[in-house]
file model.cif (mmCIF, C-alpha atoms)
data_model
#
loop_
_atom_site.label_atom_id
_atom_site.label_comp_id
_atom_site.auth_asym_id
_atom_site.auth_seq_id
_atom_site.Cartn_x
_atom_site.Cartn_y
_atom_site.Cartn_z
CA MET A 1 119.60 98.10 104.09
CA ASN A 2 115.93 98.31 104.89
CA LYS A 3 113.27 96.38 102.97
CA GLU A 4 109.64 97.43 102.91
CA THR A 5 106.48 96.30 101.13
CA LEU A 6 103.82 98.55 99.61
CA ASN A 7 100.36 97.17 99.01
CA ALA A 8 98.99 98.88 95.89
CA ARG A 9 96.36 96.26 95.06
CA ARG A 10 93.11 97.49 93.46
CA LEU A 11 94.73 100.78 92.50
CA LEU A 12 94.81 101.61 88.83
CA CYS A 13 97.70 103.42 87.16
CA PRO A 14 99.03 105.96 87.81
CA LEU A 15 98.06 105.58 91.47
CA PRO A 16 100.49 102.69 92.14
CA VAL A 17 103.26 104.89 90.68
CA ILE A 18 102.21 107.81 92.89
CA ARG A 19 102.12 105.61 96.01
CA THR A 20 105.54 104.19 95.07
CA GLN A 21 106.91 107.70 94.54
CA ASP A 22 105.58 108.83 97.93
CA LYS A 23 106.95 105.76 99.70
CA VAL A 24 110.39 106.06 98.12
CA LYS A 25 110.64 109.63 99.45
CA GLN A 26 110.60 108.13 102.95
CA LEU A 27 113.39 105.63 102.20
CA LYS A 28 117.16 105.94 101.94
CA ALA A 29 119.50 105.11 99.06
CA GLY A 30 120.08 101.35 98.98
CA ASP A 31 116.77 100.50 100.66
CA GLN A 32 114.52 98.05 98.84
CA LEU A 33 110.80 98.38 98.21
CA GLU A 34 108.50 95.60 97.05
CA VAL A 35 105.35 96.95 95.40
CA VAL A 36 102.40 94.56 95.09
CA CYS A 37 99.76 95.57 92.54
CA THR A 38 96.81 94.18 90.60
CA ASP A 39 96.96 96.55 87.60
CA PRO A 40 99.20 94.95 84.94
CA GLY A 41 100.08 98.45 83.71
CA VAL A 42 102.55 98.76 86.58
CA MET A 43 104.88 96.36 84.81
CA GLN A 44 105.64 99.19 82.38
CA ASP A 45 104.93 102.25 84.47
CA ILE A 46 106.92 101.57 87.63
CA PRO A 47 110.09 100.51 85.76
CA ALA A 48 109.72 103.64 83.58
CA TRP A 49 109.35 105.79 86.69
CA CYS A 50 112.44 104.11 88.19
CA ARG A 51 114.53 104.73 85.07
CA ILE A 52 113.55 108.41 85.02
CA ASN A 53 114.25 108.96 88.68
CA GLY A 54 117.43 106.94 89.11
CA HIS A 55 116.13 103.89 90.96
CA LYS A 56 116.92 100.29 90.06
CA VAL A 57 114.37 97.56 89.33
CA LEU A 58 115.73 94.33 90.83
CA GLU A 59 112.88 91.99 89.89
CA THR A 60 109.43 91.94 88.31
CA LYS A 61 107.09 88.97 88.53
CA SER A 62 103.42 88.05 88.39
CA CYS A 63 101.77 85.65 90.78
CA ASP A 64 98.06 84.74 90.54
CA HIS A 65 96.43 88.16 90.01
CA ASP A 66 99.31 90.10 91.59
CA TYR A 67 102.09 91.96 89.82
CA ILE A 68 105.14 92.44 92.02
CA ILE A 69 108.05 94.81 91.48
CA LEU A 70 111.14 94.89 93.69
CA LEU A 71 113.16 98.07 93.41
CA GLU A 72 116.24 99.55 95.03
CA VAL A 73 116.21 103.22 95.91
CA GLY A 74 118.85 105.23 94.10
CA ALA A 75 121.04 107.98 95.49
CA MET B 1 129.17 132.15 86.17
CA SER B 2 125.42 132.59 85.73
CA LYS B 3 123.02 130.64 87.87
CA GLN B 4 121.58 127.42 86.39
CA ARG B 5 117.91 128.25 85.88
CA LYS B 6 115.29 125.61 86.59
CA ALA B 7 111.79 125.22 85.18
CA VAL B 8 108.96 122.80 85.76
CA ALA B 9 106.92 121.74 82.74
CA LEU B 10 103.31 120.60 82.94
CA ILE B 11 103.45 117.27 81.12
CA SER B 12 100.16 115.82 79.92
CA GLY B 13 101.75 113.10 77.82
CA GLY B 14 100.74 114.78 74.57
CA LEU B 15 102.92 116.34 71.90
CA ASP B 16 102.54 120.02 72.79
CA SER B 17 103.84 119.81 76.34
CA MET B 18 106.64 117.55 75.11
CA LEU B 19 107.71 120.14 72.53
CA ALA B 20 107.39 123.02 74.99
CA ALA B 21 109.66 121.30 77.51
CA LYS B 22 112.15 120.32 74.82
CA THR B 23 112.28 123.89 73.45
CA VAL B 24 113.34 125.22 76.83
CA MET B 25 115.73 122.34 77.57
CA GLU B 26 117.49 123.15 74.30
CA GLN B 27 118.34 126.54 75.78
CA GLY B 28 120.26 124.99 78.66
CA VAL B 29 117.56 125.34 81.30
CA HIS B 30 117.18 122.43 83.75
CA VAL B 31 113.62 121.18 83.22
CA GLU B 32 111.64 118.67 85.28
CA GLY B 33 108.11 117.53 84.51
CA ILE B 34 105.01 117.57 86.65
CA ASN B 35 101.80 115.67 85.96
CA PHE B 36 98.61 116.05 87.99
CA PHE B 37 96.33 113.06 88.51
CA THR B 38 92.74 114.21 88.97
CA GLY B 39 91.13 110.76 88.80
CA PHE B 40 89.64 111.54 85.41
CA CYS B 41 92.83 111.01 83.40
CA VAL B 42 91.84 107.55 82.53
CA GLU B 43 93.45 106.02 79.49
CA GLY B 44 95.18 103.42 81.64
CA HIS B 45 92.13 102.60 83.67
CA THR B 46 89.85 101.15 81.06
CA HIS B 47 92.83 99.30 79.68
CA ALA B 48 93.53 97.78 83.07
CA ILE B 49 89.89 96.79 83.55
CA ARG B 50 88.73 95.49 80.20
CA ASN B 51 90.02 92.19 78.84
CA LYS B 52 89.63 93.21 75.22
CA ASP B 53 92.23 95.97 75.55
CA LYS B 54 94.88 93.83 77.20
CA ALA B 55 96.58 92.73 73.99
CA LYS B 56 97.60 96.31 73.16
CA PRO B 57 100.88 97.46 74.70
CA LYS B 58 100.14 100.05 77.32
CA ARG B 59 102.20 102.95 78.54
CA ASN B 60 101.68 106.01 80.65
CA ASN B 61 102.31 108.78 78.16
CA SER B 62 103.57 111.33 80.67
CA LEU B 63 106.19 108.87 81.95
CA TRP B 64 107.06 108.00 78.38
CA VAL B 65 107.51 111.67 77.43
CA ALA B 66 109.71 112.28 80.46
CA GLU B 67 111.88 109.32 79.52
CA GLN B 68 112.19 110.50 75.92
CA LEU B 69 113.28 113.93 77.14
CA GLY B 70 115.59 112.54 79.82
CA MET B 71 113.96 114.48 82.63
CA LYS B 72 112.47 113.65 86.00
CA LEU B 73 108.70 113.51 86.31
CA HIS B 74 106.72 114.23 89.45
CA ILE B 75 103.20 112.76 89.42
CA VAL B 76 100.96 114.48 91.93
CA ASP B 77 97.70 113.12 93.33
CA VAL B 78 95.21 116.03 93.30
CA ILE B 79 92.03 113.95 93.47
CA GLU B 80 90.68 115.62 96.63
CA GLU B 81 91.62 119.19 95.73
CA TYR B 82 90.25 118.76 92.22
CA LYS B 83 86.73 118.20 93.51
CA ASN B 84 86.22 121.90 94.07
CA VAL B 85 87.32 122.61 90.50
CA LEU B 86 84.82 120.16 89.07
CA ILE B 87 81.95 120.95 91.41
CA ASN B 88 82.26 124.76 91.40
CA PRO B 89 84.00 125.88 88.22
CA LYS B 90 84.15 129.68 88.22
CA HIS B 91 84.37 129.74 84.42
CA GLY B 92 81.80 127.01 83.82
CA TYR B 93 81.87 123.80 81.85
CA GLY B 94 82.73 123.07 78.23
CA ALA B 95 80.59 120.93 75.95
CA HIS B 96 80.20 118.32 78.69
CA MET B 97 81.32 118.30 82.34
CA ASN B 98 84.81 119.50 81.46
CA PRO B 99 85.83 122.61 83.42
CA CYS B 100 88.86 123.14 81.17
CA LEU B 101 89.72 126.75 82.00
CA ASP B 102 89.37 126.27 85.76
CA CYS B 103 91.35 123.05 85.42
CA LYS B 104 94.23 124.83 83.69
CA ILE B 105 94.21 127.62 86.29
CA PHE B 106 94.21 125.00 89.07
CA MET B 107 97.13 123.07 87.61
CA VAL B 108 99.26 126.14 86.92
CA ASN B 109 98.53 127.29 90.47
CA LYS B 110 99.68 123.90 91.81
CA ALA B 111 102.83 124.19 89.68
CA ARG B 112 103.43 127.68 91.10
CA GLN B 113 103.26 126.26 94.62
CA TRP B 114 105.63 123.50 93.54
CA ILE B 115 108.31 125.84 92.19
CA VAL B 116 108.26 127.83 95.42
CA GLU B 117 108.66 124.66 97.52
CA ASN B 118 111.39 123.26 95.27
CA ASP B 119 113.33 126.43 94.45
CA PHE B 120 112.60 126.44 90.72
CA ASP B 121 112.41 129.61 88.66
CA PHE B 122 109.47 129.36 86.28
CA ILE B 123 106.70 127.24 84.76
CA ILE B 124 106.30 125.88 81.22
CA THR B 125 103.08 124.78 79.55
CA GLY B 126 102.37 123.51 76.06
CA GLU B 127 99.48 125.92 75.54
CA VAL B 128 98.89 127.31 72.05
CA ILE B 129 96.61 130.28 71.36
CA GLY B 130 93.48 129.13 69.56
CA GLN B 131 94.14 125.43 70.05
CA ARG B 132 91.24 124.69 72.38
CA PRO B 133 87.87 126.45 72.26
CA MET B 134 87.58 126.96 76.01
CA SER B 135 90.94 127.08 77.70
CA GLN B 136 93.43 128.03 74.99
CA ARG B 137 92.17 131.28 73.48
CA LYS B 138 93.89 134.65 73.22
CA ALA B 139 91.53 136.00 75.86
CA THR B 140 92.10 133.17 78.34
CA MET B 141 95.90 133.19 78.28
CA PRO B 142 96.18 136.18 80.66
CA VAL B 143 93.32 134.79 82.75
CA VAL B 144 95.26 131.57 83.42
CA ALA B 145 98.44 133.50 84.23
CA ARG B 146 96.63 135.94 86.53
CA GLU B 147 94.19 133.66 88.35
CA SER B 148 96.77 130.92 88.91
CA GLY B 149 99.06 133.46 90.57
CA ALA B 150 101.88 132.48 88.21
CA ASP B 151 101.70 135.80 86.34
CA ASP B 152 104.83 136.31 84.27
CA LEU B 153 106.54 133.20 85.63
CA LEU B 154 104.36 131.26 83.18
CA LEU B 155 106.11 130.68 79.85
CA ARG B 156 104.31 129.17 76.85
CA PRO B 157 107.23 128.38 74.52
CA LEU B 158 105.04 127.30 71.60
CA CYS B 159 103.23 130.64 71.30
CA ALA B 160 105.43 132.97 73.37
CA LYS B 161 106.13 135.35 70.48
CA ASN B 162 102.42 136.12 70.29
CA LEU B 163 102.30 137.09 73.96
CA PRO B 164 104.00 139.79 76.04
CA PRO B 165 107.51 138.84 77.20
CA THR B 166 107.55 136.94 80.49
CA LEU B 167 110.11 137.24 83.26
CA PRO B 168 112.30 134.36 81.94
CA GLU B 169 112.46 136.17 78.59
CA ARG B 170 113.08 139.64 80.01
CA GLU B 171 115.79 138.36 82.33
CA GLY B 172 117.49 136.42 79.54
CA TRP B 173 116.99 133.01 81.16
CA VAL B 174 115.59 131.98 77.80
CA ASP B 175 116.08 133.58 74.39
CA ARG B 176 112.70 134.82 73.14
CA GLU B 177 113.93 134.63 69.56
CA LYS B 178 114.26 130.86 69.90
CA LEU B 179 110.69 130.48 71.11
CA HIS B 180 107.72 130.04 68.76
CA ASP B 181 104.63 131.80 67.41
CA ILE B 182 102.22 128.93 66.77
CA THR B 183 98.49 129.71 66.71
CA GLY B 184 95.32 127.83 65.85
CA ARG B 185 94.14 124.27 65.70
CA SER B 186 96.42 123.02 62.93
CA ARG B 187 98.89 120.42 64.14
CA LYS B 188 101.30 120.92 61.24
CA PRO B 189 103.76 123.27 63.04
CA GLN B 190 103.98 120.87 65.98
CA MET B 191 104.47 117.89 63.69
CA ALA B 192 107.26 119.73 61.89
CA MET B 193 108.91 120.55 65.22
CA ALA B 194 108.58 116.93 66.31
CA GLU B 195 110.36 115.88 63.15
CA GLN B 196 113.14 118.43 63.77
CA PHE B 197 113.64 117.06 67.27
CA GLY B 198 113.58 113.48 65.99
CA PHE B 199 110.36 112.50 67.75
CA ASP B 200 108.68 109.94 65.53
CA ASP B 201 106.36 108.47 68.15
CA TYR B 202 104.07 110.58 70.30
CA ALA B 203 100.54 110.51 71.70
CA GLN B 204 97.78 112.58 70.15
CA PRO B 205 95.33 112.88 73.03
CA ALA B 206 93.82 116.24 71.91
CA GLY B 207 91.65 116.47 75.02
CA GLY B 208 90.70 112.81 74.88
CA CYS B 209 92.82 111.95 77.90
CA CYS B 210 90.20 113.40 80.27
CA PHE B 211 86.97 111.51 80.80
CA LEU B 212 85.14 114.76 81.56
CA THR B 213 85.27 115.63 77.85
CA ASP B 214 83.37 112.41 77.11
CA LYS B 215 79.62 112.78 76.56
CA ASN B 216 78.66 109.37 77.98
CA TYR B 217 80.88 109.65 81.01
CA SER B 218 79.57 113.14 81.76
CA ALA B 219 75.98 111.87 81.53
CA LYS B 220 76.76 109.19 84.13
CA LEU B 221 78.37 111.74 86.42
CA VAL B 222 75.34 114.05 86.20
CA ASP B 223 73.05 111.07 86.85
CA LEU B 224 75.08 110.17 89.95
CA TRP B 225 74.82 113.70 91.31
CA GLN B 226 71.08 113.90 90.60
CA ALA B 227 70.44 110.55 92.26
CA GLN B 228 72.31 111.40 95.44
CA GLY B 229 71.04 115.00 95.59
CA ASN B 230 74.49 116.57 95.79
CA LYS B 231 77.68 116.85 93.80
CA GLU B 232 79.91 114.83 96.10
CA TYR B 233 81.97 111.99 94.70
CA GLY B 234 84.82 109.69 95.66
CA LEU B 235 87.51 107.90 93.70
CA ASP B 236 85.42 104.72 93.65
CA ASP B 237 82.57 106.66 92.02
CA VAL B 238 84.97 108.01 89.41
CA MET B 239 86.17 104.47 88.68
CA LEU B 240 82.77 102.82 88.59
CA LEU B 241 81.42 105.38 86.13
CA LYS B 242 84.00 104.02 83.67
CA VAL B 243 82.88 100.43 84.00
CA GLY B 244 79.89 98.51 82.67
CA ARG B 245 76.41 99.43 81.49
CA HIS B 246 74.62 101.76 83.90
CA ILE B 247 70.86 101.25 84.00
CA ARG B 248 68.57 103.31 86.24
CA PRO B 249 65.00 101.99 86.23
CA GLN B 250 64.06 104.09 89.29
CA PRO B 251 65.56 107.24 90.85
CA ASN B 252 66.52 105.32 94.01
CA PHE B 253 68.77 102.67 92.44
CA LYS B 254 70.77 101.73 89.39
CA LEU B 255 72.44 98.61 88.07
CA ILE B 256 76.07 98.44 86.97
CA VAL B 257 76.24 95.49 84.57
CA ALA B 258 79.64 94.03 83.72
CA ARG B 259 80.05 93.82 79.93
CA GLU B 260 82.83 91.26 79.91
CA GLU B 261 85.05 89.15 82.13
CA GLY B 262 87.59 91.85 82.98
CA GLU B 263 84.85 94.23 84.13
CA GLY B 264 83.26 91.41 86.13
CA ARG B 265 86.55 90.80 87.92
CA PHE B 266 86.90 94.50 88.62
CA LEU B 267 83.36 94.75 90.01
CA GLN B 268 84.03 91.74 92.26
CA GLY B 269 86.29 94.04 94.27
CA TYR B 270 83.24 96.13 95.23
CA LYS B 271 81.00 93.30 96.43
CA ASN B 272 81.24 94.29 100.08
CA GLU B 273 80.22 97.87 99.27
CA PHE B 274 77.17 97.14 97.10
CA ILE B 275 74.37 94.62 96.82
CA SER B 276 75.39 92.34 93.95
CA MET B 277 73.63 89.68 91.90
CA ASN B 278 74.33 87.07 89.27
CA SER B 279 72.55 84.14 87.70
CA LEU B 280 73.00 80.66 89.20
CA SER B 281 71.08 78.71 86.58
CA HIS B 282 72.73 80.27 83.51
CA SER B 283 75.98 82.05 82.82
CA GLY B 284 75.70 85.82 82.96
CA PRO B 285 77.27 89.04 84.23
CA LEU B 286 77.97 90.22 87.73
CA VAL B 287 75.79 93.22 88.55
CA LEU B 288 76.20 95.77 91.33
CA ILE B 289 73.16 97.60 92.67
CA ASP B 290 73.89 101.20 93.67
CA GLY B 291 71.36 103.01 95.83
CA SER B 292 68.60 101.99 98.22
CA PRO B 293 66.40 99.45 96.45
CA SER B 294 63.24 97.99 97.99
CA ALA B 295 62.46 94.27 97.72
CA GLU B 296 60.35 95.01 94.63
CA ASP B 297 63.21 97.00 93.14
CA LEU B 298 65.59 94.08 93.67
CA TYR B 299 63.16 91.78 91.90
CA LEU B 300 63.09 94.17 88.93
CA ALA B 301 66.90 94.41 89.05
CA ALA B 302 67.12 90.61 88.96
CA GLN B 303 64.81 90.50 85.93
CA ILE B 304 67.03 93.03 84.16
CA THR B 305 70.19 91.18 85.14
CA ALA B 306 68.71 87.92 83.80
CA ARG B 307 68.15 89.67 80.47
CA PHE B 308 71.92 90.13 80.06
CA GLY B 309 72.76 86.45 80.65
CA GLN B 310 72.43 83.23 78.69
CA GLY B 311 69.02 82.64 80.28
CA ARG B 312 67.47 85.69 78.62
CA ASP B 313 64.92 83.54 76.74
CA ALA B 314 64.31 81.06 79.57
CA GLU B 315 60.99 80.87 81.39
CA HIS B 316 62.72 81.31 84.74
CA VAL B 317 66.23 82.18 85.86
CA GLU B 318 67.54 81.54 89.35
CA MET B 319 69.38 84.56 90.69
CA ASN B 320 71.70 84.88 93.65
CA VAL B 321 71.48 88.18 95.52
CA VAL B 322 74.38 89.00 97.85
CA ASN B 323 74.04 91.72 100.46
CA LYS B 324 76.94 93.92 101.57
CA ASP B 325 77.41 91.77 104.67
CA GLY B 326 77.79 88.65 102.51
CA SER B 327 74.38 87.13 103.31
CA GLU B 328 72.71 85.59 100.27
CA ARG B 329 69.25 84.81 99.01
CA ARG B 330 67.76 83.29 95.88
CA LEU B 331 65.19 84.75 93.51
CA GLN B 332 63.35 82.99 90.68
CA VAL B 333 62.64 85.58 88.00
CA LYS B 334 61.34 85.78 84.47
CA PRO B 335 63.86 87.81 82.44
CA LEU B 336 62.57 91.08 81.03
CA LYS B 337 62.15 91.16 77.28
CA LYS B 338 64.45 93.44 75.37
CA GLU B 339 61.68 95.95 74.69
CA GLU B 340 60.72 96.00 78.38
CA ILE B 341 64.05 97.60 79.28
CA ARG B 342 63.24 101.18 78.42
CA GLU B 343 65.71 103.22 76.42
CA GLU B 344 65.63 106.03 78.99
CA TRP B 345 66.81 103.64 81.72
CA TYR B 346 70.22 103.47 80.08
CA VAL B 347 72.38 106.22 81.59
#
call {"tool": "encode", "arguments": {"input": "model.cif", "output": "C-alpha cells"}}
result
Amino acid sequence: MNKETLNARRLLCPLPVIRTQDKVKQLKAGDQLEVVCTDPGVMQDIPAWCRINGHKVLETKSCDHDYIILLEVGA
Amino acid sequence: MSKQRKAVALISGGLDSMLAAKTVMEQGVHVEGINFFTGFCVEGHTHAIRNKDKAKPKRNNSLWVAEQLGMKLHIVDVIEEYKNVLINPKHGYGAHMNPCLDCKIFMVNKARQWIVENDFDFIITGEVIGQRPMSQRKATMPVVARESGADDLLLRPLCAKNLPPTLPEREGWVDREKLHDITGRSRKPQMAMAEQFGFDDYAQPAGGCCFLTDKNYSAKLVDLWQAQGNKEYGLDDVMLLKVGRHIRPQPNFKLIVAREEGEGRFLQGYKNEFISMNSLSHSGPLVLIDGSPSAEDLYLAAQITARFGQGRDAEHVEMNVVNKDGSERRLQVKPLKKEEIREEWYV
C-alpha cells in the first residue's frame, strides 16, 4: 500500500476535486491519498466524488485553516 | 446479445442535463457524466471566499446530479483551452462577455474527443430548442452538431422529436418514441418530468452558473483587458475579478478592496504578487494594488483605502504599504471624502 499527499491549498472547488481525480488515476487500488485543502467546500465535494467513483473516504478533519481528507483508492 | 451502448452526458448541474441523462439511462444505455471547468463556473468560489455565505450548505451541483443518477462524473479542467473560446468567439458574445454558442460547440467537441478516447458511442446534452436566446435556438442546433464535429452522434433527448433522427435513434440504440419534444423557455415540461422521475430537489441555474453572463463581472473583465492592452488572462485574474470592490482611479493601476473578512483572508494569499496596503492606526480592509502605480498613485490609493476603514473621518490615517518583496513603508494620509471617489472609478 502506497500513501501519498496532494497539496491543494489555495485552490477553490472544483479544482481540488480535479487534482484529486488526476492524482488517483496514477495510483493503484488500495493506495491512500491525503488531500490538503483550504476551501471548506472540499468537505462535501471530495467525499461526493469518492462515492460516485467507488473510492473510500477514511477520514476528514480540519486543522487551522486546512481541510484534510484521507481516501483509499477503489478497484 | 446486443452490445451495451455507452453515452457521455454533459452535466452542468442543472435540471435539463439531469433529465436528459436520466431519459437515456432509462433505456438501458450506460451513461457517464462529464463536466468542463472553464474557471468561470463559479458558484462555489464566492461561497468559499466570502464569510457571509458560509452558513449555507454548499454542494457542487454536477457532483450532486451524478450521485442522484448513480453515474460516474468526469470533471475536466479546460481553463487553458477555453481562453481561445472567450478571446476569439467565432459567433460573438451574448448580452455580456458570454460566448455561449462557441462555448457549447467547444464543450461538445471536447466530449466528442472524450468518447473516441474512452470507446463510448454517443453524446447527450440537455439542450432544448428555444430555451436560450443565443445557443439554444432551432438555427443553432445543427451549428453545434456540425462545428463540434459530433454531427449525428449528438443526441438531445429533451427535444429530439423536433430534430432529425440521430445515429443512436436510427440504429435503435435508443427508442426515439421515448424521447421528448420540449420547446421554448417554459420550465413546466421539465418540472413535470422531474416529478415523474421523483426528483424533488434540483438546481435552477438557468445560465447563472457562469460568471460571463454577469454584467458586473463582464465589466471587470473588459476593464482588465483594456488596462493591460491585450485579452490575456490567467486563473488568478479570473478569481480576483470575483473578489472585492475594484476601483480604477487611473488607467495604470486599480485597487481591489476586500469587502469583508473572508475576502481579506483570500487576498492575503496574493500579497507576494501585488503591492498591498492596510491601515495601521484604524481597522480597515486589506487592499491589493494591481498595475504599475507611481509614488503619487500609491498616495492616492492610500487615501482611497483609508476611506474604506474606520478612520474615514479622521484627520490622518497611518497606512502600511507592502511591496511584493515584503519590504514595507508608512504613509500618513488624509482619507478621501466619499464624494471625492468618483463614480466612474468603480469598475
call {"tool": "residues_near_point", "arguments": {"input": "model.cif", "point": "(106.2, 127.6, 85.6)", "cutoff": "6 Å", "atoms": "all atoms listed in the file", "output": "PyMOL selection string"}}
result
chain B and resi 8+122-124+153-154
call {"tool": "write_last_selection", "arguments": {"input": "model.cif", "atoms": "C-alpha atoms", "output": "mmCIF file, keeping the file's coordinate frame"}}
result
data_model
loop_
_atom_site.group_PDB
_atom_site.id
_atom_site.type_symbol
_atom_site.label_atom_id
_atom_site.label_comp_id
_atom_site.auth_asym_id
_atom_site.auth_seq_id
_atom_site.Cartn_x
_atom_site.Cartn_y
_atom_site.Cartn_z
ATOM 1 C CA VAL B 8 108.960 122.800 85.760
ATOM 2 C CA PHE B 122 109.470 129.360 86.280
ATOM 3 C CA ILE B 123 106.700 127.240 84.760
ATOM 4 C CA ILE B 124 106.300 125.880 81.220
ATOM 5 C CA LEU B 153 106.540 133.200 85.630
ATOM 6 C CA LEU B 154 104.360 131.260 83.180
#
call {"tool": "resolve_selection", "arguments": {"input": "model.cif", "expression": "the PyMOL selection byres ((chain A and resi 5) around 8)", "output": "PyMOL selection string"}}
result
chain A and resi 3-4+6-7+33-36
call {"tool": "interface_residues", "arguments": {"input": "model.cif", "of": "chain A", "to": "chain B", "cutoff": "7 Å", "atoms": "all atoms listed in the file", "output": "count of residues only"}}
result
12
call {"tool": "residues_near_point", "arguments": {"input": "model.cif", "point": "(86.0, 122.7, 79.8)", "cutoff": "9 Å", "atoms": "only C-alpha atoms", "output": "list in words"}}
result
His91, Gly92, Tyr93, Gly94, Ala95, His96, Met97, Asn98, Pro99, Cys100, Leu101, Asp102, Cys103, Pro133, Met134, Ser135, Leu212 and Thr213 of chain B
call {"tool": "resolve_selection", "arguments": {"input": "model.cif", "expression": "the PyMOL selection byres ((chain A and resi 69-71) around 6)", "output": "JSON, numbers by chain"}}
result
{"A": [32, 33, 34, 35, 56, 57, 58, 59, 60, 68, 72]}
call {"tool": "build_atoms", "arguments": {"input": "model.cif", "residues": "stretch 87-99 of chain B", "atoms": "N, CA and C atoms", "output": "PDB file, keeping the file's coordinate frame"}}
result
ATOM      1  N   ILE B  87      83.288 120.680  90.865  1.00  0.00           N
ATOM      2  CA  ILE B  87      81.950 120.950  91.410  1.00  0.00           C
ATOM      3  C   ILE B  87      81.572 122.430  91.270  1.00  0.00           C
ATOM      4  N   ASN B  88      82.549 123.315  91.439  1.00  0.00           N
ATOM      5  CA  ASN B  88      82.260 124.760  91.400  1.00  0.00           C
ATOM      6  C   ASN B  88      83.165 125.499  90.411  1.00  0.00           C
ATOM      7  N   PRO B  89      83.086 125.189  89.140  1.00  0.00           N
ATOM      8  CA  PRO B  89      84.000 125.880  88.220  1.00  0.00           C
ATOM      9  C   PRO B  89      83.585 127.335  87.995  1.00  0.00           C
ATOM     10  N   LYS B  90      84.449 128.243  88.355  1.00  0.00           N
ATOM     11  CA  LYS B  90      84.150 129.680  88.220  1.00  0.00           C
ATOM     12  C   LYS B  90      83.835 130.043  86.761  1.00  0.00           C
ATOM     13  N   HIS B  91      84.540 129.401  85.836  1.00  0.00           N
ATOM     14  CA  HIS B  91      84.370 129.740  84.420  1.00  0.00           C
ATOM     15  C   HIS B  91      83.439 128.773  83.696  1.00  0.00           C
ATOM     16  N   GLY B  92      82.802 127.896  84.430  1.00  0.00           N
ATOM     17  CA  GLY B  92      81.800 127.010  83.820  1.00  0.00           C
ATOM     18  C   GLY B  92      82.400 125.800  83.127  1.00  0.00           C
ATOM     19  N   TYR B  93      81.481 125.032  82.518  1.00  0.00           N
ATOM     20  CA  TYR B  93      81.870 123.800  81.850  1.00  0.00           C
ATOM     21  C   TYR B  93      81.970 124.008  80.336  1.00  0.00           C
ATOM     22  N   GLY B  94      82.666 123.079  79.693  1.00  0.00           N
ATOM     23  CA  GLY B  94      82.730 123.070  78.230  1.00  0.00           C
ATOM     24  C   GLY B  94      81.525 122.341  77.675  1.00  0.00           C
ATOM     25  N   ALA B  95      81.722 121.602  76.605  1.00  0.00           N
ATOM     26  CA  ALA B  95      80.590 120.930  75.950  1.00  0.00           C
ATOM     27  C   ALA B  95      79.954 119.892  76.873  1.00  0.00           C
ATOM     28  N   HIS B  96      80.739 119.321  77.764  1.00  0.00           N
ATOM     29  CA  HIS B  96      80.200 118.320  78.690  1.00  0.00           C
ATOM     30  C   HIS B  96      80.509 118.758  80.130  1.00  0.00           C
ATOM     31  N   MET B  97      81.047 117.888  80.955  1.00  0.00           N
ATOM     32  CA  MET B  97      81.320 118.300  82.340  1.00  0.00           C
ATOM     33  C   MET B  97      82.790 118.708  82.497  1.00  0.00           C
ATOM     34  N   ASN B  98      83.398 119.153  81.432  1.00  0.00           N
ATOM     35  CA  ASN B  98      84.810 119.500  81.460  1.00  0.00           C
ATOM     36  C   ASN B  98      85.014 120.971  81.841  1.00  0.00           C
ATOM     37  N   PRO B  99      85.579 121.216  83.005  1.00  0.00           N
ATOM     38  CA  PRO B  99      85.830 122.610  83.420  1.00  0.00           C
ATOM     39  C   PRO B  99      87.241 123.020  82.995  1.00  0.00           C
TER      40      PRO B  99
END
